[in-house]
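Accompanying notes for the structure given below.
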Amino acid sequence: MFKILLLIAIGFVVLALFRAYQRSLGPPRAHTQEHTVEDMVKCAHCGVNLPRSEAIYSGGHFFCTPEHRQLGKK
């Protein structure tokens, strides 16, 4: 019984070393990429905050949807 447990423990150690070696060879992971900070703007109609890249700019104001752009500033 002790021999089986010892073989399992050795197997886990070898597996951990193998995975560490593979990680050192591979390219950097995707989650280590730099995150960019984006300005938030407020919809002129409903007041919802959203990223500037997702907002619709019209008439000097930002809107969250085309419908709110048509309705205009509240």
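Every chain in the structure tokens takes a letter, A first, then B, and so on in the order presented; its residues are numbered from 1, and the ligands are numbered from 1 following the presented order.
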
TODO: Tell me which protein, DNA and RNA residues are within 8 Å of Pro51 (chain A), counting only C-alpha atoms, leaving out same-chain ones fewer than 6 positions away, and put them as JSON, numbers by chain.
DONE: {"A": [38, 39, 40, 41]}

Task: alpha helix (DSSP H) positions in chain A, given as a PyMOL selection string - done: chain A and resi 2-25+66-71

Open item on the list: What's around Gly60 (chain A) at 12 Å? Count only C-alpha atoms, leave out sequence neighbours fewer than 2 positions away in its own chain, and write the answer as number ranges by chain.
Closed with: A: 43-44, 56-58, 62-63, 69, 72-73

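The space between CA of Leu71 (chain A) and CA of Gly59 (chain A) spans 12.1 Å.
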
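Put simply, CA of Lys3 (chain A) is 21.1 Å away from CA of Leu17 (chain A).
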